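Engineer: Structure supplied as input_30.pdb; contents: PDB, C-alpha atoms, pLDDT in the B column.
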```pdb
ATOM      1  CA  MET A   1       0.000   0.000   0.000  1.00 51.00           C
ATOM      2  CA  ALA A   2       2.904   2.346   0.760  1.00 50.00           C
ATOM      3  CA  GLU A   3       4.230   1.772  -2.767  1.00 51.00           C
ATOM      4  CA  SER A   4       0.962   2.918  -4.345  1.00 51.00           C
ATOM      5  CA  ARG A   5       0.840   5.964  -2.070  1.00 52.00           C
ATOM      6  CA  SER A   6       4.366   6.936  -3.063  1.00 52.00           C
ATOM      7  CA  TYR A   7       3.400   6.488  -6.716  1.00 48.00           C
ATOM      8  CA  ALA A   8       0.359   8.738  -6.266  1.00 51.00           C
ATOM      9  CA  THR A   9       2.443  11.329  -4.417  1.00 52.00           C
ATOM     10  CA  GLU A  10       5.126  11.221  -7.129  1.00 52.00           C
ATOM     11  CA  ALA A  11       2.550  11.526  -9.909  1.00 49.00           C
ATOM     12  CA  LEU A  12       0.782  14.467  -8.308  1.00 52.00           C
ATOM     13  CA  ALA A  13       4.103  16.221  -7.668  1.00 48.00           C
ATOM     14  CA  GLN A  14       4.803  16.000 -11.412  1.00 57.00           C
ATOM     15  CA  GLY A  15       1.355  17.309 -12.321  1.00 69.00           C
ATOM     16  CA  ARG A  16       0.332  13.807 -13.336  1.00 85.00           C
ATOM     17  CA  LEU A  17      -2.675  11.799 -12.268  1.00 93.00           C
ATOM     18  CA  THR A  18      -3.156   8.139 -11.476  1.00 92.00           C
ATOM     19  CA  ILE A  19      -5.465   6.042 -13.616  1.00 93.00           C
ATOM     20  CA  GLY A  20      -8.125   6.247 -10.900  1.00 94.00           C
ATOM     21  CA  GLU A  21      -7.948  10.025 -10.856  1.00 95.00           C
ATOM     22  CA  ALA A  22      -8.015  10.139 -14.665  1.00 95.00           C
ATOM     23  CA  ALA A  23     -11.065   7.872 -14.621  1.00 96.00           C
ATOM     24  CA  ALA A  24     -12.858  10.142 -12.152  1.00 96.00           C
ATOM     25  CA  ARG A  25     -12.094  13.244 -14.214  1.00 96.00           C
ATOM     26  CA  THR A  26     -13.180  11.744 -17.545  1.00 96.00           C
ATOM     27  CA  GLY A  27     -16.205   9.736 -16.482  1.00 95.00           C
ATOM     28  CA  LEU A  28     -14.579   6.551 -17.746  1.00 96.00           C
ATOM     29  CA  SER A  29     -13.662   3.560 -15.649  1.00 97.00           C
ATOM     30  CA  ALA A  30     -10.025   2.597 -15.192  1.00 96.00           C
ATOM     31  CA  LYS A  31     -10.889  -0.650 -16.974  1.00 96.00           C
ATOM     32  CA  MET A  32     -12.182   1.277 -20.023  1.00 96.00           C
ATOM     33  CA  ILE A  33      -9.070   3.474 -20.097  1.00 96.00           C
ATOM     34  CA  ARG A  34      -6.883   0.359 -20.113  1.00 94.00           C
ATOM     35  CA  TYR A  35      -9.091  -1.163 -22.825  1.00 95.00           C
ATOM     36  CA  TYR A  36      -8.788   1.935 -25.029  1.00 95.00           C
ATOM     37  CA  GLU A  37      -5.026   1.769 -24.567  1.00 93.00           C
ATOM     38  CA  GLN A  38      -4.995  -1.955 -25.425  1.00 93.00           C
ATOM     39  CA  GLU A  39      -7.027  -1.245 -28.576  1.00 92.00           C
ATOM     40  CA  GLY A  40      -4.571   1.447 -29.639  1.00 90.00           C
ATOM     41  CA  LEU A  41      -7.018   4.342 -29.320  1.00 92.00           C
ATOM     42  CA  PHE A  42      -5.008   5.999 -26.616  1.00 89.00           C
ATOM     43  CA  VAL A  43      -1.494   5.890 -25.204  1.00 85.00           C
ATOM     44  CA  PRO A  44      -0.682   7.756 -21.997  1.00 81.00           C
ATOM     45  CA  GLN A  45       2.090  10.245 -22.575  1.00 80.00           C
ATOM     46  CA  ALA A  46       4.039   9.366 -19.440  1.00 82.00           C
ATOM     47  CA  ARG A  47       4.890   6.483 -17.164  1.00 83.00           C
ATOM     48  CA  SER A  48       6.531   6.508 -13.783  1.00 83.00           C
ATOM     49  CA  ALA A  49       9.913   4.939 -13.170  1.00 83.00           C
ATOM     50  CA  ALA A  50       8.012   1.878 -11.947  1.00 85.00           C
ATOM     51  CA  GLY A  51       6.020   1.725 -15.198  1.00 81.00           C
ATOM     52  CA  TYR A  52       2.702   3.043 -13.873  1.00 86.00           C
ATOM     53  CA  ARG A  53       0.586   5.078 -16.259  1.00 85.00           C
ATOM     54  CA  GLN A  54       0.571   8.801 -15.547  1.00 91.00           C
ATOM     55  CA  TYR A  55      -2.012  11.147 -17.002  1.00 93.00           C
ATOM     56  CA  GLY A  56      -1.723  14.843 -17.768  1.00 93.00           C
ATOM     57  CA  GLU A  57      -4.210  17.341 -19.164  1.00 94.00           C
ATOM     58  CA  ALA A  58      -3.539  16.307 -22.782  1.00 93.00           C
ATOM     59  CA  ASP A  59      -4.303  12.690 -21.854  1.00 94.00           C
ATOM     60  CA  LEU A  60      -7.542  13.697 -20.144  1.00 96.00           C
ATOM     61  CA  HIS A  61      -8.527  15.723 -23.204  1.00 96.00           C
ATOM     62  CA  ALA A  62      -7.908  12.720 -25.472  1.00 96.00           C
ATOM     63  CA  LEU A  63      -9.886  10.410 -23.174  1.00 97.00           C
ATOM     64  CA  ARG A  64     -12.805  12.865 -23.112  1.00 97.00           C
ATOM     65  CA  PHE A  65     -12.697  12.990 -26.913  1.00 97.00           C
ATOM     66  CA  ILE A  66     -12.891   9.195 -27.088  1.00 97.00           C
ATOM     67  CA  ARG A  67     -15.742   9.164 -24.575  1.00 97.00           C
ATOM     68  CA  SER A  68     -17.660  11.764 -26.610  1.00 97.00           C
ATOM     69  CA  ALA A  69     -17.295   9.646 -29.740  1.00 97.00           C
ATOM     70  CA  ARG A  70     -18.451   6.516 -27.852  1.00 96.00           C
ATOM     71  CA  ASP A  71     -21.425   8.438 -26.452  1.00 97.00           C
ATOM     72  CA  LEU A  72     -22.437   9.189 -30.050  1.00 97.00           C
ATOM     73  CA  GLY A  73     -22.315   5.493 -30.876  1.00 97.00           C
ATOM     74  CA  PHE A  74     -19.170   5.389 -32.993  1.00 97.00           C
ATOM     75  CA  SER A  75     -17.501   1.970 -33.165  1.00 96.00           C
ATOM     76  CA  LEU A  76     -13.954   1.435 -31.946  1.00 95.00           C
ATOM     77  CA  LYS A  77     -12.765   1.313 -35.545  1.00 96.00           C
ATOM     78  CA  GLN A  78     -14.481   4.609 -36.296  1.00 97.00           C
ATOM     79  CA  ILE A  79     -13.079   6.152 -33.116  1.00 97.00           C
ATOM     80  CA  ALA A  80      -9.587   5.101 -34.164  1.00 96.00           C
ATOM     81  CA  GLU A  81     -10.139   6.893 -37.456  1.00 96.00           C
ATOM     82  CA  LEU A  82     -11.619   9.933 -35.719  1.00 96.00           C
ATOM     83  CA  THR A  83      -8.779  10.208 -33.221  1.00 95.00           C
ATOM     84  CA  SER A  84      -6.271   9.924 -36.046  1.00 95.00           C
ATOM     85  CA  LEU A  85      -8.041  12.702 -37.922  1.00 96.00           C
ATOM     86  CA  TRP A  86      -8.354  14.764 -34.724  1.00 95.00           C
ATOM     87  CA  ARG A  87      -4.614  14.573 -34.094  1.00 93.00           C
ATOM     88  CA  ASP A  88      -3.761  15.382 -37.733  1.00 95.00           C
ATOM     89  CA  ARG A  89      -4.027  19.171 -37.897  1.00 93.00           C
ATOM     90  CA  GLU A  90      -3.525  19.041 -41.664  1.00 95.00           C
ATOM     91  CA  ARG A  91      -6.440  16.678 -42.347  1.00 94.00           C
ATOM     92  CA  ALA A  92      -9.231  17.630 -44.689  1.00 94.00           C
ATOM     93  CA  SER A  93     -12.480  18.264 -42.871  1.00 96.00           C
ATOM     94  CA  ALA A  94     -14.185  16.415 -45.726  1.00 97.00           C
ATOM     95  CA  GLU A  95     -12.858  13.133 -44.281  1.00 95.00           C
ATOM     96  CA  VAL A  96     -14.363  13.889 -40.897  1.00 96.00           C
ATOM     97  CA  LYS A  97     -17.668  14.876 -42.466  1.00 97.00           C
ATOM     98  CA  ARG A  98     -17.721  11.702 -44.588  1.00 97.00           C
ATOM     99  CA  LEU A  99     -17.262   9.593 -41.479  1.00 97.00           C
ATOM    100  CA  ALA A 100     -19.942  11.514 -39.579  1.00 97.00           C
ATOM    101  CA  LEU A 101     -22.468  11.296 -42.422  1.00 98.00           C
ATOM    102  CA  SER A 102     -21.841   7.591 -42.821  1.00 97.00           C
ATOM    103  CA  HIS A 103     -22.441   7.117 -39.105  1.00 98.00           C
ATOM    104  CA  ILE A 104     -25.648   9.165 -39.298  1.00 98.00           C
ATOM    105  CA  ASP A 105     -26.908   6.880 -42.087  1.00 98.00           C
ATOM    106  CA  ALA A 106     -26.154   3.803 -39.972  1.00 97.00           C
ATOM    107  CA  LEU A 107     -27.853   5.306 -36.910  1.00 98.00           C
ATOM    108  CA  GLU A 108     -30.944   6.211 -38.912  1.00 98.00           C
ATOM    109  CA  ALA A 109     -31.143   2.713 -40.410  1.00 98.00           C
ATOM    110  CA  LYS A 110     -30.857   1.212 -36.945  1.00 97.00           C
ATOM    111  CA  ALA A 111     -33.521   3.607 -35.639  1.00 98.00           C
ATOM    112  CA  ASP A 112     -35.850   2.542 -38.480  1.00 98.00           C
ATOM    113  CA  LEU A 113     -35.241  -1.106 -37.623  1.00 97.00           C
ATOM    114  CA  LEU A 114     -35.952  -0.455 -33.932  1.00 97.00           C
ATOM    115  CA  ARG A 115     -39.155   1.454 -34.769  1.00 98.00           C
ATOM    116  CA  GLY A 116     -40.301  -1.509 -36.889  1.00 96.00           C
ATOM    117  CA  MET A 117     -39.537  -3.927 -34.074  1.00 94.00           C
ATOM    118  CA  ALA A 118     -41.435  -1.752 -31.588  1.00 96.00           C
ATOM    119  CA  ALA A 119     -44.433  -1.508 -33.940  1.00 96.00           C
ATOM    120  CA  THR A 120     -44.558  -5.290 -34.359  1.00 92.00           C
ATOM    121  CA  LEU A 121     -44.330  -5.892 -30.638  1.00 93.00           C
ATOM    122  CA  ARG A 122     -46.910  -3.162 -29.931  1.00 95.00           C
ATOM    123  CA  GLU A 123     -49.343  -4.844 -32.338  1.00 93.00           C
ATOM    124  CA  LEU A 124     -48.819  -8.211 -30.658  1.00 93.00           C
ATOM    125  CA  ALA A 125     -49.258  -6.686 -27.190  1.00 93.00           C
ATOM    126  CA  GLN A 126     -52.496  -4.983 -28.255  1.00 94.00           C
ATOM    127  CA  ARG A 127     -53.928  -8.346 -29.312  1.00 92.00           C
ATOM    128  CA  CYS A 128     -53.045  -9.894 -25.962  1.00 90.00           C
ATOM    129  CA  HIS A 129     -55.822  -9.987 -23.352  1.00 89.00           C
ATOM    130  CA  GLY A 130     -53.301  -9.945 -20.515  1.00 88.00           C
ATOM    131  CA  ASP A 131     -55.500 -12.076 -18.288  1.00 89.00           C
ATOM    132  CA  ASP A 132     -55.424 -15.590 -16.809  1.00 89.00           C
ATOM    133  CA  ARG A 133     -56.068 -17.327 -20.133  1.00 87.00           C
ATOM    134  CA  PRO A 134     -53.192 -19.410 -21.519  1.00 89.00           C
ATOM    135  CA  GLU A 135     -53.683 -18.120 -25.081  1.00 89.00           C
ATOM    136  CA  CYS A 136     -51.087 -15.494 -25.787  1.00 91.00           C
ATOM    137  CA  PRO A 137     -50.984 -13.648 -29.108  1.00 90.00           C
ATOM    138  CA  ILE A 138     -47.508 -12.340 -28.253  1.00 92.00           C
ATOM    139  CA  LEU A 139     -46.013 -15.822 -27.968  1.00 93.00           C
ATOM    140  CA  GLU A 140     -48.026 -17.026 -30.968  1.00 91.00           C
ATOM    141  CA  GLY A 141     -46.757 -14.073 -33.015  1.00 90.00           C
ATOM    142  CA  LEU A 142     -43.163 -14.747 -32.032  1.00 90.00           C
ATOM    143  CA  GLU A 143     -43.611 -18.412 -32.877  1.00 90.00           C
ATOM    144  CA  SER A 144     -45.107 -17.689 -36.288  1.00 89.00           C
ATOM    145  CA  GLN A 145     -42.324 -15.223 -37.111  1.00 84.00           C
ATOM    146  CA  ALA A 146     -39.711 -17.782 -36.046  1.00 85.00           C
ATOM    147  CA  SER A 147     -41.379 -20.466 -38.170  1.00 84.00           C
ATOM    148  CA  ALA A 148     -41.488 -18.130 -41.148  1.00 83.00           C
ATOM    149  CA  GLY A 149     -37.846 -17.168 -40.693  1.00 75.00           C
ATOM    150  CA  ALA A 150     -38.832 -13.565 -40.179  1.00 59.00           C
ATOM    151  CA  CYS A 151     -36.642 -12.987 -37.155  1.00 56.00           C
ATOM    152  CA  HIS A 152     -33.660 -10.802 -37.888  1.00 58.00           C
ATOM    153  CA  SER A 153     -30.839  -9.832 -35.643  1.00 55.00           C
ATOM    154  CA  ASP A 154     -27.836  -7.680 -36.106  1.00 54.00           C
ATOM    155  CA  THR A 155     -26.252  -8.452 -32.787  1.00 48.00           C
TER     156      THR A 155
END
```
Can you give me the file's structure in the form of structure tokens?
Structural biologist:
Amino acid sequence: MAESRSYATEALAQGRLTIGEAAARTGLSAKMIRYYEQEGLFVPQARSAAGYRQYGEADLHALRFIRSARDLGFSLKQIAELTSLWRDRERASAEVKRLALSHIDALEAKADLLRGMAATLRELAQRCHGDDRPECPILEGLESQASAGACHSDT
């Protein structure tokens, strides 16, 4: 425990934060920060002599950027592309816009699919009496869709 306290003291003295402090300041968990590093989306700019990650303001800014992209539903692959474009000050904004528009199209398609699923389920629920009878139009509807091969999943 004394070793981790000395690490935290050393990091703070250098204007650096521990992974726990970085997590608290970015709204990410330490596990997610490590995962983003493992996936190559993020590399902390400093490490202590003992090899512990140390985080400065630039690191926090990058982690917040990644979190913002995740909050908008971008995939890890897309976030890698976005962070690369974000760091490249000579990039063409057209590339960023292309990526954003493509993501919008995918989100809208998914929203349409979800609305269709909700409408189907709503129709089945409306036909259900919701009483003590064993007949259930919801289960019958699911069964008939399964038999017809109408069930689709993109998970």
Engineer: I would like the residues chosen by the PyMOL selection byres ((chain A and resi 22-35) around 8) on the shown file; could you give them as a PyMOL selection string?
Structural biologist: chain A and resi 17-21+36-39+55+60+63-64+67
Engineer: Work out where the centre of an axis-aligned box around every listed atom of range 100-109 of chain A lies and how long its edges are once 3 Å is added on each side; give both in Å to one decimal as AutoDock Vina command-line options.
Structural biologist:
```
--center_x -25.5 --center_y 7.1 --center_z -39.9 --size_x 17.2 --size_y 14.8 --size_z 11.9
```
Engineer: Where does range 66-138 of chain A meet range 143-149 of chain A within 12 Å, residue by residue, with the nearest atom pair and distance in Å to one decimal for each, counting all atoms listed in the file, listed by chain and rising number, as JSON lines?
Structural biologist:
```
{"residue": "A:Thr120", "atom": "CA", "partner": "A:Gln145", "partner_atom": "CA", "distance": 10.5}
{"residue": "A:Leu121", "atom": "CA", "partner": "A:Gln145", "partner_atom": "CA", "distance": 11.5}
{"residue": "A:Leu124", "atom": "CA", "partner": "A:Gln145", "partner_atom": "CA", "distance": 11.5}
{"residue": "A:Cys136", "atom": "CA", "partner": "A:Glu143", "partner_atom": "CA", "distance": 10.7}
{"residue": "A:Pro137", "atom": "CA", "partner": "A:Glu143", "partner_atom": "CA", "distance": 9.6}
{"residue": "A:Ile138", "atom": "CA", "partner": "A:Glu143", "partner_atom": "CA", "distance": 8.6}
```
Engineer: May I have the residues at most 10 Å from (-6.6, 2.6, -31.5) in the file's coordinates, counting all atoms listed in the file, as a ChimeraX atom specification?
Structural biologist: /A:35-43,76-84
Engineer: Go ahead and compute the interatomic distance for CA of Glu95 in chain A and CA of Ala69 in chain A, in Å to one decimal.
Structural biologist: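 Calculated distance between CA of Glu95 in chain A and CA of Ala69 in chain A is 15.6 Å.
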Engineer: Quick one: residues within 8 Å of Gln54 in chain A, all atoms listed in the file, excluding same-chain residues fewer than 4 positions away - as a ChimeraX atom specification?
Structural biologist: /A:11,16-19,44-48
Engineer: Record the distance separating CA of Glu123 in chain A and CA of Ile104 in chain A, expressed in Å with one decimal.
Structural biologist: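 Straight-line distance from CA of Glu123 in chain A to CA of Ile104 in chain A works out to 28.4 Å.
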Engineer: Between A:Arg87, A:Lys110, A:Arg127, A:Val96, which has the minimum distance to His61 in chain A (counting only C-alpha atoms)?
Structural biologist: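 Counting only C-alpha atoms, the residue closest to His61 in chain A is A:Arg87.
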Engineer: Rounded to one decimal, what separation in Å do you get between CA of Ala109 in chain A and CA of Phe74 in chain A?
Structural biologist: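 Distance between the two atoms: 14.3 Å.
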Engineer: Which one of A:Trp86, A:Glu108, A:Gly141, A:Ala94 sits closest to Gln126 in chain A if you count only C-alpha atoms?
Structural biologist: A:Gly141
Engineer: Given the choices A:Gly56, A:Gly116, A:Gly130, A:Gly73, which gets closest to His103 in chain A if the distance is worked out from all atoms listed in the file?
Structural biologist: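 Counting all atoms listed in the file, the residue closest to His103 in chain A is A:Gly73.
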